[in-house]
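protein-v8.txt follows; it contains compact mmCIF, C-alpha atoms.
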```txt
# COMPACT_ATOMS: atom_id res chain seq x y z
CA MET A 1 99.51 67.69 127.44
CA THR A 2 100.17 64.26 125.94
CA VAL A 3 103.16 62.34 127.31
CA VAL A 4 106.10 62.42 124.87
CA LEU A 5 108.22 59.26 124.69
CA TYR A 6 111.70 59.43 123.16
CA ASP A 7 111.61 55.97 121.75
CA ASN A 8 113.19 53.33 119.61
CA PRO A 9 111.16 50.44 118.20
CA VAL A 10 113.72 47.66 118.83
CA SER A 11 114.92 48.86 122.25
CA GLY A 12 113.65 46.71 125.10
CA ASN A 13 114.18 49.60 127.49
CA CYS A 14 111.75 51.69 125.42
CA TYR A 15 109.36 48.77 125.07
CA LYS A 16 109.04 48.54 128.88
CA VAL A 17 107.57 52.02 128.91
CA ARG A 18 105.27 51.44 125.92
CA LEU A 19 103.99 48.25 127.54
CA LEU A 20 103.21 49.88 130.90
CA LEU A 21 101.60 52.97 129.34
CA SER A 22 99.47 50.70 127.17
CA LEU A 23 98.39 48.61 130.18
CA LEU A 24 97.50 51.82 132.01
CA GLY A 25 95.66 53.31 129.02
CA ILE A 26 97.85 56.43 129.01
CA ASP A 27 98.19 58.13 125.61
CA PHE A 28 101.65 59.03 124.43
CA ARG A 29 103.38 60.41 121.37
CA ARG A 30 106.50 58.63 120.14
CA VAL A 31 109.60 60.49 118.94
CA GLU A 32 111.91 57.96 117.33
CA MET A 33 115.65 58.09 118.03
CA SER A 34 118.35 55.85 116.55
CA VAL A 35 120.15 53.49 118.93
CA VAL A 36 122.99 52.96 116.45
CA ASP A 37 123.78 56.57 115.43
CA ARG A 38 123.94 58.57 118.67
CA SER A 39 124.93 61.88 117.01
CA GLY A 40 122.49 64.63 117.88
CA ARG A 41 121.52 63.00 121.22
CA GLU A 42 122.81 65.98 123.20
CA ASP A 43 120.68 68.42 121.15
CA VAL A 44 117.47 66.45 121.68
CA LEU A 45 117.94 64.86 125.13
CA GLY A 46 120.39 67.30 126.77
CA GLY A 47 117.84 68.77 129.16
CA VAL A 48 115.74 65.61 129.37
CA SER A 49 117.91 62.77 130.72
CA PRO A 50 121.41 62.85 132.28
CA SER A 51 122.39 59.64 130.47
CA LEU A 52 121.12 60.85 127.06
CA ASN A 53 119.62 57.38 126.69
CA VAL A 54 116.23 56.36 125.38
CA PRO A 55 113.67 55.98 126.72
CA ALA A 56 113.14 59.41 128.18
CA VAL A 57 109.79 61.11 128.62
CA ILE A 58 108.22 64.52 128.87
CA LEU A 59 105.45 64.12 131.45
CA GLU A 60 101.94 65.57 131.15
CA ASP A 61 103.06 68.69 133.04
CA GLY A 62 106.07 69.28 130.76
CA ARG A 63 108.74 68.00 133.16
CA PRO A 64 111.37 65.54 131.88
CA LEU A 65 112.36 62.13 133.25
CA GLY A 66 115.00 59.64 132.14
CA GLU A 67 115.94 55.99 132.85
CA SER A 68 113.46 53.29 131.88
CA ASN A 69 112.92 51.87 135.34
CA ALA A 70 112.48 55.30 136.95
CA ILE A 71 109.84 56.02 134.31
CA LEU A 72 108.08 52.72 135.08
CA TRP A 73 108.07 53.59 138.78
CA HIS A 74 106.70 57.07 138.11
CA PHE A 75 103.71 55.88 136.12
CA ALA A 76 103.06 52.74 138.21
CA GLU A 77 102.85 54.60 141.54
CA GLY A 78 99.32 54.26 142.89
CA THR A 79 98.36 51.52 140.39
CA ASP A 80 98.13 47.72 140.64
CA TYR A 81 101.57 47.40 139.03
CA LEU A 82 103.39 48.69 142.12
CA PRO A 83 102.48 47.20 145.53
CA ALA A 84 101.72 49.42 148.53
CA ASP A 85 103.63 47.19 150.96
CA ARG A 86 107.05 48.63 151.85
CA TYR A 87 109.04 45.40 151.63
CA ARG A 88 107.46 44.42 148.31
CA ARG A 89 108.24 47.86 146.89
CA SER A 90 111.87 47.37 147.93
CA GLN A 91 111.87 43.98 146.24
CA VAL A 92 110.50 45.53 143.05
CA LEU A 93 113.46 47.92 143.12
CA GLN A 94 115.87 45.08 143.90
CA TRP A 95 114.79 43.28 140.72
CA MET A 96 114.85 46.47 138.63
CA PHE A 97 118.40 47.30 139.77
CA PHE A 98 119.35 43.67 139.09
CA GLU A 99 117.87 44.19 135.60
CA GLN A 100 120.00 47.25 134.84
CA TYR A 101 123.20 45.92 136.40
CA LYS A 102 123.23 42.18 135.71
CA HIS A 103 120.69 41.40 132.98
CA GLU A 104 120.59 44.29 130.52
CA PRO A 105 124.38 44.75 130.14
CA ALA A 106 124.65 41.06 129.28
CA ILE A 107 121.54 40.11 127.33
CA ALA A 108 120.51 43.43 125.78
CA VAL A 109 124.08 44.38 124.91
CA LEU A 110 124.74 40.98 123.31
CA ARG A 111 121.51 41.31 121.30
CA PHE A 112 122.63 44.78 120.22
CA TRP A 113 126.06 43.55 119.15
CA LEU A 114 124.88 40.39 117.38
CA ALA A 115 121.39 41.14 116.06
CA ILE A 116 120.97 44.93 115.80
CA ALA A 117 124.17 46.89 115.19
CA GLU A 118 126.01 43.73 114.01
CA LEU A 119 129.27 44.91 115.55
CA ASP A 120 132.52 43.05 115.22
CA LYS A 121 133.41 42.07 118.78
CA ASP A 122 136.02 39.58 119.83
CA GLU A 123 135.05 36.17 121.08
CA ARG A 124 136.21 36.76 124.65
CA GLU A 125 133.91 39.78 125.06
CA ILE A 126 131.00 37.81 123.64
CA GLU A 127 131.66 34.88 125.95
CA GLU A 128 131.87 37.14 129.03
CA ARG A 129 128.44 38.60 128.23
CA ARG A 130 127.10 35.12 127.43
CA ALA A 131 128.14 33.79 130.85
CA ALA A 132 126.78 36.88 132.62
CA GLY A 133 123.48 36.56 130.75
CA TYR A 134 123.04 32.93 131.73
CA ALA A 135 123.86 33.81 135.36
CA ALA A 136 121.08 36.43 135.27
CA LEU A 137 118.64 33.93 133.76
CA ASP A 138 119.63 31.37 136.42
CA ALA A 139 118.76 33.90 139.14
CA MET A 140 115.37 34.59 137.57
CA GLU A 141 114.65 30.86 137.16
CA GLN A 142 115.31 30.25 140.87
CA ARG A 143 112.43 32.56 141.67
CA LEU A 144 110.13 31.80 138.72
CA SER A 145 110.35 28.04 139.11
CA ILE A 146 108.47 28.43 142.40
CA GLU A 147 106.45 31.66 142.07
CA PRO A 148 104.28 33.05 139.25
CA TYR A 149 105.83 36.54 139.29
CA LEU A 150 109.05 38.10 140.57
CA VAL A 151 107.48 39.86 143.57
CA GLY A 152 104.41 38.50 145.29
CA GLU A 153 101.49 36.87 143.52
CA GLU A 154 100.71 39.62 141.02
CA LEU A 155 102.45 41.18 138.05
CA THR A 156 104.48 44.29 138.96
CA ILE A 157 106.80 46.63 137.07
CA ALA A 158 109.64 44.29 138.08
CA ASP A 159 108.10 41.75 135.67
CA ILE A 160 107.59 44.37 132.95
CA SER A 161 111.19 45.48 133.35
CA LEU A 162 112.66 42.00 133.09
CA PHE A 163 110.22 40.77 130.44
CA ALA A 164 111.50 43.33 127.94
CA TYR A 165 114.89 41.80 127.16
CA THR A 166 114.19 38.27 128.41
CA HIS A 167 111.52 37.61 125.80
CA VAL A 168 113.93 38.55 122.98
CA ALA A 169 116.98 36.83 124.52
CA GLY A 170 116.78 34.23 121.75
CA GLU A 171 117.82 36.95 119.28
CA ALA A 172 121.12 37.10 121.19
CA GLY A 173 121.49 33.32 121.06
CA PHE A 174 120.30 32.46 124.57
CA GLU A 175 118.49 29.13 124.84
CA LEU A 176 115.40 29.88 126.88
CA ASP A 177 114.14 26.30 126.70
CA ARG A 178 116.64 25.53 129.48
CA TYR A 179 114.34 27.55 131.76
CA PRO A 180 110.81 26.16 132.20
CA GLY A 181 109.99 28.68 134.95
CA ILE A 182 110.97 31.62 132.78
CA GLU A 183 109.11 30.23 129.78
CA ALA A 184 105.89 29.85 131.78
CA TRP A 185 106.31 33.38 133.14
CA LEU A 186 106.86 34.80 129.64
CA ALA A 187 103.60 33.17 128.55
CA ARG A 188 101.83 34.50 131.66
CA VAL A 189 102.99 38.09 131.02
CA SER A 190 102.12 37.90 127.32
CA ALA A 191 98.56 36.85 128.21
CA ILE A 192 97.68 39.79 130.46
CA PRO A 193 94.81 41.97 129.19
CA GLY A 194 96.14 45.02 127.32
CA PHE A 195 99.50 43.39 126.48
CA VAL A 196 101.20 44.81 123.39
CA PRO A 197 104.18 43.21 121.60
CA ILE A 198 107.55 44.96 121.15
CA SER A 199 106.82 45.35 117.44
CA ASN A 200 103.63 47.31 118.08
CA MET B 1 117.00 41.92 165.58
CA THR B 2 120.04 43.91 164.46
CA VAL B 3 120.32 44.56 160.72
CA VAL B 4 122.99 42.33 159.13
CA LEU B 5 125.03 43.88 156.31
CA TYR B 6 126.98 41.63 153.97
CA ASP B 7 129.78 44.05 153.42
CA ASN B 8 133.17 44.80 151.99
CA PRO B 9 135.31 47.63 153.33
CA VAL B 10 136.57 48.95 149.96
CA SER B 11 133.30 48.54 148.01
CA GLY B 12 131.58 51.86 147.32
CA ASN B 13 128.29 50.00 146.92
CA CYS B 14 128.62 48.72 150.50
CA TYR B 15 129.79 52.13 151.73
CA LYS B 16 126.54 53.71 150.48
CA VAL B 17 124.60 51.53 152.89
CA ARG B 18 126.98 52.09 155.81
CA LEU B 19 126.79 55.85 155.26
CA LEU B 20 122.99 55.97 155.20
CA LEU B 21 122.58 53.65 158.20
CA SER B 22 125.08 55.80 160.13
CA LEU B 23 123.21 59.00 159.20
CA LEU B 24 119.97 57.38 160.36
CA GLY B 25 121.49 56.00 163.56
CA ILE B 26 120.51 52.44 162.70
CA ASP B 27 122.72 49.76 164.26
CA PHE B 28 124.04 47.03 162.03
CA ARG B 29 126.39 44.08 162.15
CA ARG B 30 128.92 43.68 159.34
CA VAL B 31 129.73 40.33 157.72
CA GLU B 32 132.75 40.80 155.50
CA MET B 33 132.85 39.21 152.05
CA SER B 34 135.69 39.32 149.53
CA VAL B 35 135.09 41.22 146.29
CA VAL B 36 138.05 39.53 144.61
CA ASP B 37 137.44 35.88 145.50
CA ARG B 38 133.74 35.21 144.79
CA SER B 39 133.85 31.49 145.65
CA GLY B 40 131.31 30.63 148.33
CA ARG B 41 129.01 33.51 147.40
CA GLU B 42 126.17 31.13 146.50
CA ASP B 43 126.39 29.43 149.92
CA VAL B 44 126.19 32.70 151.85
CA LEU B 45 124.04 34.94 149.62
CA GLY B 46 121.99 32.35 147.68
CA GLY B 47 118.74 33.10 149.46
CA VAL B 48 119.59 36.74 150.15
CA SER B 49 120.17 38.53 146.84
CA PRO B 50 119.50 37.36 143.24
CA SER B 51 122.76 38.96 142.01
CA LEU B 52 124.87 37.41 144.81
CA ASN B 53 126.50 40.84 145.10
CA VAL B 54 127.40 42.79 148.19
CA PRO B 55 125.91 44.74 149.77
CA ALA B 56 122.94 42.66 150.79
CA VAL B 57 121.10 42.94 154.08
CA ILE B 58 118.99 40.96 156.47
CA LEU B 59 116.38 43.42 157.75
CA GLU B 60 115.27 43.76 161.37
CA ASP B 61 112.42 41.31 160.72
CA GLY B 62 114.73 38.66 159.19
CA ARG B 63 113.79 39.27 155.56
CA PRO B 64 116.58 39.66 152.96
CA LEU B 65 117.16 42.46 150.45
CA GLY B 66 119.80 42.92 147.76
CA GLU B 67 121.06 45.73 145.48
CA SER B 68 122.66 48.77 147.10
CA ASN B 69 120.20 51.33 145.77
CA ALA B 70 117.14 49.25 146.68
CA ILE B 71 118.55 48.99 150.20
CA LEU B 72 119.05 52.77 150.34
CA TRP B 73 115.46 53.29 149.23
CA HIS B 74 114.16 50.84 151.83
CA PHE B 75 115.81 52.54 154.77
CA ALA B 76 115.32 56.11 153.49
CA GLU B 77 111.54 55.79 153.02
CA GLY B 78 109.82 58.12 155.44
CA THR B 79 113.04 60.01 156.32
CA ASP B 80 114.53 63.32 155.16
CA TYR B 81 116.78 61.46 152.71
CA LEU B 82 113.88 60.60 150.38
CA PRO B 83 111.44 63.38 149.38
CA ALA B 84 107.68 62.89 149.62
CA ASP B 85 107.00 64.65 146.31
CA ARG B 86 106.25 62.17 143.50
CA TYR B 87 108.34 63.86 140.81
CA ARG B 88 111.33 64.28 143.09
CA ARG B 89 111.14 60.62 144.09
CA SER B 90 111.18 59.69 140.41
CA GLN B 91 114.23 61.93 139.93
CA VAL B 92 115.98 60.22 142.84
CA LEU B 93 115.42 56.91 141.06
CA GLN B 94 116.54 58.40 137.73
CA TRP B 95 119.90 59.33 139.26
CA MET B 96 120.24 55.98 141.07
CA PHE B 97 119.59 54.03 137.85
CA PHE B 98 122.05 56.36 136.10
CA GLU B 99 124.52 55.47 138.85
CA GLN B 100 124.20 51.72 138.32
CA TYR B 101 124.12 51.83 134.51
CA LYS B 102 126.43 54.67 133.52
CA HIS B 103 128.64 55.58 136.49
CA GLU B 104 129.41 52.43 138.46
CA PRO B 105 130.30 50.17 135.48
CA ALA B 106 132.80 52.81 134.36
CA ILE B 107 134.29 54.39 137.47
CA ALA B 108 133.89 51.61 140.04
CA VAL B 109 134.93 48.90 137.60
CA LEU B 110 138.01 50.85 136.51
CA ARG B 111 138.93 51.42 140.18
CA PHE B 112 138.51 47.68 140.77
CA TRP B 113 140.70 46.77 137.80
CA LEU B 114 143.44 49.31 138.45
CA ALA B 115 143.52 49.86 142.22
CA ILE B 116 141.91 46.85 143.94
CA ALA B 117 142.20 43.57 142.05
CA GLU B 118 145.04 44.93 139.83
CA LEU B 119 143.80 42.96 136.83
CA ASP B 120 145.60 42.87 133.54
CA LYS B 121 143.16 44.47 131.09
CA ASP B 122 143.94 45.66 127.62
CA GLU B 123 144.25 49.34 126.86
CA ARG B 124 141.13 49.51 124.68
CA GLU B 125 138.91 48.21 127.51
CA ILE B 126 140.45 50.69 129.92
CA GLU B 127 139.95 53.58 127.51
CA GLU B 128 136.29 52.63 126.91
CA ARG B 129 135.60 52.75 130.66
CA ARG B 130 137.64 55.96 130.98
CA ALA B 131 135.51 57.71 128.34
CA ALA B 132 132.28 56.38 129.86
CA GLY B 133 133.37 57.54 133.32
CA TYR B 134 134.11 61.06 132.13
CA ALA B 135 130.74 61.16 130.33
CA ALA B 136 129.04 60.24 133.63
CA LEU B 137 130.99 62.93 135.50
CA ASP B 138 130.08 65.46 132.77
CA ALA B 139 126.39 64.69 133.32
CA MET B 140 126.76 65.16 137.09
CA GLU B 141 128.67 68.42 136.64
CA GLN B 142 125.89 69.86 134.45
CA ARG B 143 123.55 69.55 137.39
CA LEU B 144 125.97 70.25 140.25
CA SER B 145 127.42 73.39 138.67
CA ILE B 146 124.01 75.04 139.18
CA GLU B 147 122.41 73.19 142.11
CA PRO B 148 123.76 72.09 145.53
CA TYR B 149 122.41 68.52 145.32
CA LEU B 150 121.25 66.18 142.58
CA VAL B 151 117.53 66.45 143.37
CA GLY B 152 116.05 69.58 144.90
CA GLU B 153 117.75 71.67 147.57
CA GLU B 154 118.47 68.93 150.11
CA LEU B 155 120.66 65.87 150.25
CA THR B 156 118.87 62.67 149.19
CA ILE B 157 119.88 59.04 148.68
CA ALA B 158 120.67 60.00 145.06
CA ASP B 159 123.60 62.00 146.47
CA ILE B 160 124.64 59.18 148.81
CA SER B 161 124.52 56.72 145.92
CA LEU B 162 126.64 58.83 143.58
CA PHE B 163 129.00 60.09 146.30
CA ALA B 164 130.26 56.57 146.99
CA TYR B 165 132.32 56.00 143.84
CA THR B 166 132.72 59.65 142.80
CA HIS B 167 134.74 60.54 145.89
CA VAL B 168 137.23 57.74 145.17
CA ALA B 169 137.31 58.25 141.39
CA GLY B 170 140.87 59.57 141.74
CA GLU B 171 141.95 56.03 142.69
CA ALA B 172 140.90 55.02 139.17
CA GLY B 173 142.84 57.92 137.65
CA PHE B 174 139.95 60.33 137.05
CA GLU B 175 140.89 64.00 137.42
CA LEU B 176 138.15 65.48 139.57
CA ASP B 177 139.70 68.96 139.52
CA ARG B 178 138.17 69.36 136.07
CA TYR B 179 134.79 69.51 137.86
CA PRO B 180 134.34 72.43 140.28
CA GLY B 181 130.63 71.66 140.77
CA ILE B 182 131.36 68.06 141.72
CA GLU B 183 134.22 69.07 144.03
CA ALA B 184 132.00 71.53 145.90
CA TRP B 185 129.29 68.88 146.20
CA LEU B 186 131.77 66.28 147.53
CA ALA B 187 132.81 68.78 150.21
CA ARG B 188 129.14 69.52 150.99
CA VAL B 189 128.27 65.83 151.43
CA SER B 190 131.40 65.17 153.53
CA ALA B 191 130.38 67.95 155.91
CA ILE B 192 126.90 66.68 156.80
CA PRO B 193 126.40 65.80 160.47
CA GLY B 194 126.89 62.07 161.03
CA PHE B 195 129.04 61.58 157.93
CA VAL B 196 131.39 58.58 158.09
CA PRO B 197 134.28 57.93 155.69
CA ILE B 198 134.55 54.80 153.53
CA SER B 199 137.43 53.58 155.71
CA ASN B 200 135.29 53.66 158.84
```
Kindly present the structure from the file in structure tokens form.
Amino acid sequence: MTVVLYDNPVSGNCYKVRLLLSLLGIDFRRVEMSVVDRSGREDVLGGVSPSLNVPAVILEDGRPLGESNAILWHFAEGTDYLPADRYRRSQVLQWMFFEQYKHEPAIAVLRFWLAIAELDKDEREIEERRAAGYAALDAMEQRLSIEPYLVGEELTIADISLFAYTHVAGEAGFELDRYPGIEAWLARVSAIPGFVPISN
Amino acid sequence: MTVVLYDNPVSGNCYKVRLLLSLLGIDFRRVEMSVVDRSGREDVLGGVSPSLNVPAVILEDGRPLGESNAILWHFAEGTDYLPADRYRRSQVLQWMFFEQYKHEPAIAVLRFWLAIAELDKDEREIEERRAAGYAALDAMEQRLSIEPYLVGEELTIADISLFAYTHVAGEAGFELDRYPGIEAWLARVSAIPGFVPISN
């Protein structure tokens, strides 16, 4: 059975999964869901993902899985995108939990408010997310100013996870040219064989 | 070398790690950090965890690791608290990412605002977190009303992760008696041999 991806074309969380599946050469069928109108989510995703968020997938064997970074881990296991070494695997998870707790709620949410749903939020809320987003970028820069990838010497799913919303952070008004390490890393990830853009 | 845990006694994220290490019989030394006054975090945790959050650990071999759920995964690997089956492992991660994205930012943050730091937040912000918290509890109840644990038939680190802030959700004003499945599961987790309370 072909993998089914509950997907949205502008969601960075969904893009992570499309990028990894493309790199791995795994076929998938996309079912598009709105990220602005969430009505009907329960009907479609009720038995698929506890959060009712996209992305969610139906695996080749018909079993469901939710949460973008759990999906990345599932497909990356046993491939070059997830190291075998125990400590490196833990570091991959460290960066992916950092992504969902510190990076996505700041940068992705601000992009959603300002560039996608165009919601009317008050200035204080915007500034809180702005500061949190820059703190997340600062933490990435510390690592990427001295190493080519987030964990070890090779690209892992930690990079795929954090690439997704970092490379579109400009849409939320973040100035990436403050971060030479991040900019070089973005170029490095975009150049890997099999790379596909978010708009694909 | 003894594991060092950068810790806070009221943080559920820190408690997750203390609970698992206690269950596994792994000795650790606690270094207490404030969760209200974050000044000095960079000096202590700068090279330890990208997020500068607690918990963070220094492993037996001197290497650092951050993010509560990554730390759980690291220590649980190869033990009964993390299944060997690939799909179940992915489900454990699904629930742990759900915890950090949907559950913790609602329930733990509301507990922090209302019961720990006693911050002055406006009613709309409180009600947003309240609704998000109940949605997270609804998702847990769907599973726990029909199964004893979140993944499979045995307790895993997904349960430890979600137990931490669920069992103190009452401190944030959540009414857990709406959820018989969750209440039975809380009792089940509290009864496992080696269990330690958050106040330990």
Only residues of chain B matter here; which ones have an atom within 9 Å of chain A, counting all atoms listed in the file? Give them as a PyMOL selection string. chain B and resi 49-51+63+65-71+73-74+77+86-87+89-98+100-102+105+135-136+139-140+142-143
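The residue set within 7 Å of B:Tyr6, counting all atoms listed in the file and dropping same-chain residues fewer than 4 places from it, reads B:Arg30, B:Val31, B:Glu32, B:Met33, B:Val54, B:Pro55, B:Ala56, B:Val57.
You will find atom CA of B:Pro197 at 23.0 Å from atom CA of B:Arg178.
Of the listed residues (B:Val109, B:Leu19, B:Val151, B:Leu176), B:Leu19 comes nearest to B:Ala164; the distances count all atoms listed in the file.
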Per residue of stretch 5-85 of chain A within 12 Å of stretch 168-172 of chain A, record the nearest atom pair and its distance in Å to one decimal, counting all atoms listed in the file, with rows in chain order and ascending residue number, as a tab-separated table.
```
residue	atom	partner	partner_atom	distance
A:Val10	CA	A:Val168	CA	10.0
A:Ser11	CA	A:Val168	CA	10.4
A:Gly12	CA	A:Val168	CA	8.4
A:Asn13	CA	A:Val168	CA	11.9
A:Tyr15	CA	A:Val168	CA	11.4
```
Report as number ranges by chain all protein, DNA and RNA residues lying within 10 Å of B:Pro148, evaluated on all atoms listed in the file, omitting residues in the same chain fewer than 6 positions from it. B: 154-155, 181-182, 184-185, 188-189
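Note that atom CA of B:Leu110 and atom CA of B:Ala191 are 27.0 Å apart.
Picture a line from atom CA of A:Ile160 to atom CA of A:Ile198; it runs 11.8 Å.
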